[in-house]
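Reading through the structure tokens given below for one structure.
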Amino acid sequence: MTASSAASTSSSFNGPSSSPSHLHARSAFLAGDEIIRIVPSFNYKSPLGLISRSVGPFRAGVDAPVPLWLAVHLRRRNLCRIKPPLWMEVDHLKEVLRFERDPNEASFSPDLPFRHAEVARAILSACGAGSGSGSAGGGGGGGGGGGKNK
């Protein structure tokens, strides 16, 4: 790699020329390390040694904390149910909305984590929310077809 190509790579990654889609991708990547709880449907006796931490062991039906990226990976393979964080509950989100609509409040709600939008999007996407093919609990939905009703 030449010095000029390294400089252009560095400036395109860190510089002001980053497009909104690149910024969103970076933010989603960073959210992948957020810890959430899953209920695995498998047993694995040994802890998994990840770069950032160890996770497991896993016992079917017993909650386990894992990074978001691993939860999404396991959910897409139907190996776990994702337990949505408490801040994703409807009542909690209504309180956040009430707080943020209050004209006397000059800031965002402190009751949401920093990367709440990215975490919520990843969980809902992994669970097929909005497609009629599943739920965060993993049980609902219509068979995964996602096609037109006949």
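Residue numbers start at 1 in each chain; chains themselves are named A, B, ... in the order of the structure tokens; ligands are numbered from 1 in the order shown.
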
Residues of region 67-129 of chain A that have any atom at most 7 Å from an atom of region 21-34 of chain A: could you tabulate them with the shortest-distance atom pair and the distance in Å to one decimal, using only C-alpha atoms, ordered by chain and increasing number, as a tab-separated table?
```
residue	atom	partner	partner_atom	distance
A:Pro67	CA	A:Asp33	CA	5.0
A:Leu68	CA	A:Gly32	CA	4.8
A:Trp69	CA	A:Gly32	CA	4.8
A:Arg115	CA	A:Ala31	CA	6.1
A:Glu118	CA	A:Ala28	CA	5.4
A:Val119	CA	A:Ala31	CA	6.1
```

Neighbour list for Arg77 (chain A) as a PDB file with N, CA and C atoms, in the first residue's frame, cut-off 12 Å, only C-alpha atoms, skip fewer than 3 positions in-chain:
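Output saved as around_12.pdb:
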```
ATOM      1  N   PRO A  40     -31.015 -19.795  25.057  1.00  0.00           N
ATOM      2  CA  PRO A  40     -30.579 -20.736  24.020  1.00  0.00           C
ATOM      3  C   PRO A  40     -31.475 -21.979  23.983  1.00  0.00           C
ATOM      4  N   SER A  41     -31.523 -22.605  22.828  1.00  0.00           N
ATOM      5  CA  SER A  41     -32.267 -23.862  22.675  1.00  0.00           C
ATOM      6  C   SER A  41     -31.290 -25.023  22.491  1.00  0.00           C
ATOM      7  N   PHE A  42     -30.067 -24.833  22.940  1.00  0.00           N
ATOM      8  CA  PHE A  42     -29.022 -25.847  22.792  1.00  0.00           C
ATOM      9  C   PHE A  42     -28.170 -25.873  24.056  1.00  0.00           C
ATOM     10  N   LEU A  70     -23.686 -11.881  18.455  1.00  0.00           N
ATOM     11  CA  LEU A  70     -23.836 -13.320  18.632  1.00  0.00           C
ATOM     12  C   LEU A  70     -25.304 -13.690  18.793  1.00  0.00           C
ATOM     13  N   ALA A  71     -26.057 -12.866  19.518  1.00  0.00           N
ATOM     14  CA  ALA A  71     -27.492 -13.114  19.682  1.00  0.00           C
ATOM     15  C   ALA A  71     -28.194 -13.116  18.325  1.00  0.00           C
ATOM     16  N   VAL A  72     -27.860 -12.150  17.485  1.00  0.00           N
ATOM     17  CA  VAL A  72     -28.463 -12.069  16.148  1.00  0.00           C
ATOM     18  C   VAL A  72     -28.080 -13.296  15.324  1.00  0.00           C
ATOM     19  N   HIS A  73     -26.827 -13.686  15.385  1.00  0.00           N
ATOM     20  CA  HIS A  73     -26.341 -14.852  14.643  1.00  0.00           C
ATOM     21  C   HIS A  73     -27.087 -16.118  15.075  1.00  0.00           C
ATOM     22  N   LEU A  74     -27.204 -16.334  16.385  1.00  0.00           N
ATOM     23  CA  LEU A  74     -27.886 -17.522  16.890  1.00  0.00           C
ATOM     24  C   LEU A  74     -29.382 -17.485  16.581  1.00  0.00           C
ATOM     25  N   CYS A  80     -31.834 -19.713  19.447  1.00  0.00           N
ATOM     26  CA  CYS A  80     -32.126 -19.014  20.694  1.00  0.00           C
ATOM     27  C   CYS A  80     -33.331 -18.106  20.509  1.00  0.00           C
ATOM     28  N   ARG A  81     -33.840 -17.653  21.636  1.00  0.00           N
ATOM     29  CA  ARG A  81     -34.811 -16.556  21.685  1.00  0.00           C
ATOM     30  C   ARG A  81     -34.067 -15.366  22.251  1.00  0.00           C
ATOM     31  N   ALA A 126     -33.467  -9.289  13.257  1.00  0.00           N
ATOM     32  CA  ALA A 126     -33.140 -10.705  13.456  1.00  0.00           C
ATOM     33  C   ALA A 126     -34.388 -11.535  13.737  1.00  0.00           C
ATOM     34  N   CYS A 127     -35.361 -10.899  14.351  1.00  0.00           N
ATOM     35  CA  CYS A 127     -36.584 -11.616  14.725  1.00  0.00           C
ATOM     36  C   CYS A 127     -37.659 -11.517  13.657  1.00  0.00           C
ATOM     37  N   GLY A 138     -39.505 -15.472  19.439  1.00  0.00           N
ATOM     38  CA  GLY A 138     -39.195 -16.561  18.531  1.00  0.00           C
ATOM     39  C   GLY A 138     -40.338 -17.486  18.243  1.00  0.00           C
TER      40      GLY A 138
END
```

Determine, counting only C-alpha atoms, which protein, DNA and RNA residues have an atom within 10 Å of an atom of Phe108 (chain A); residues of the same chain fewer than 3 positions away are not included. Present the result as a ChimeraX atom specification. /A:96-97,99-101,105,111-112

Backbone-only DSSP, strand (DSSP E or B) members of region 22-128 of chain A, as a list in words: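 Listing strand (DSSP E or B) positions across region 22-128 of chain A yields Ile35, Ile36, Arg37, Ile38, Val39, Pro40, Tyr44, Leu48, Gly49, Ser54, Val55, Phe58, Ala64, Pro65, Val66, Pro67, Cys80, Arg81, Ile82 and Lys83 of chain A.
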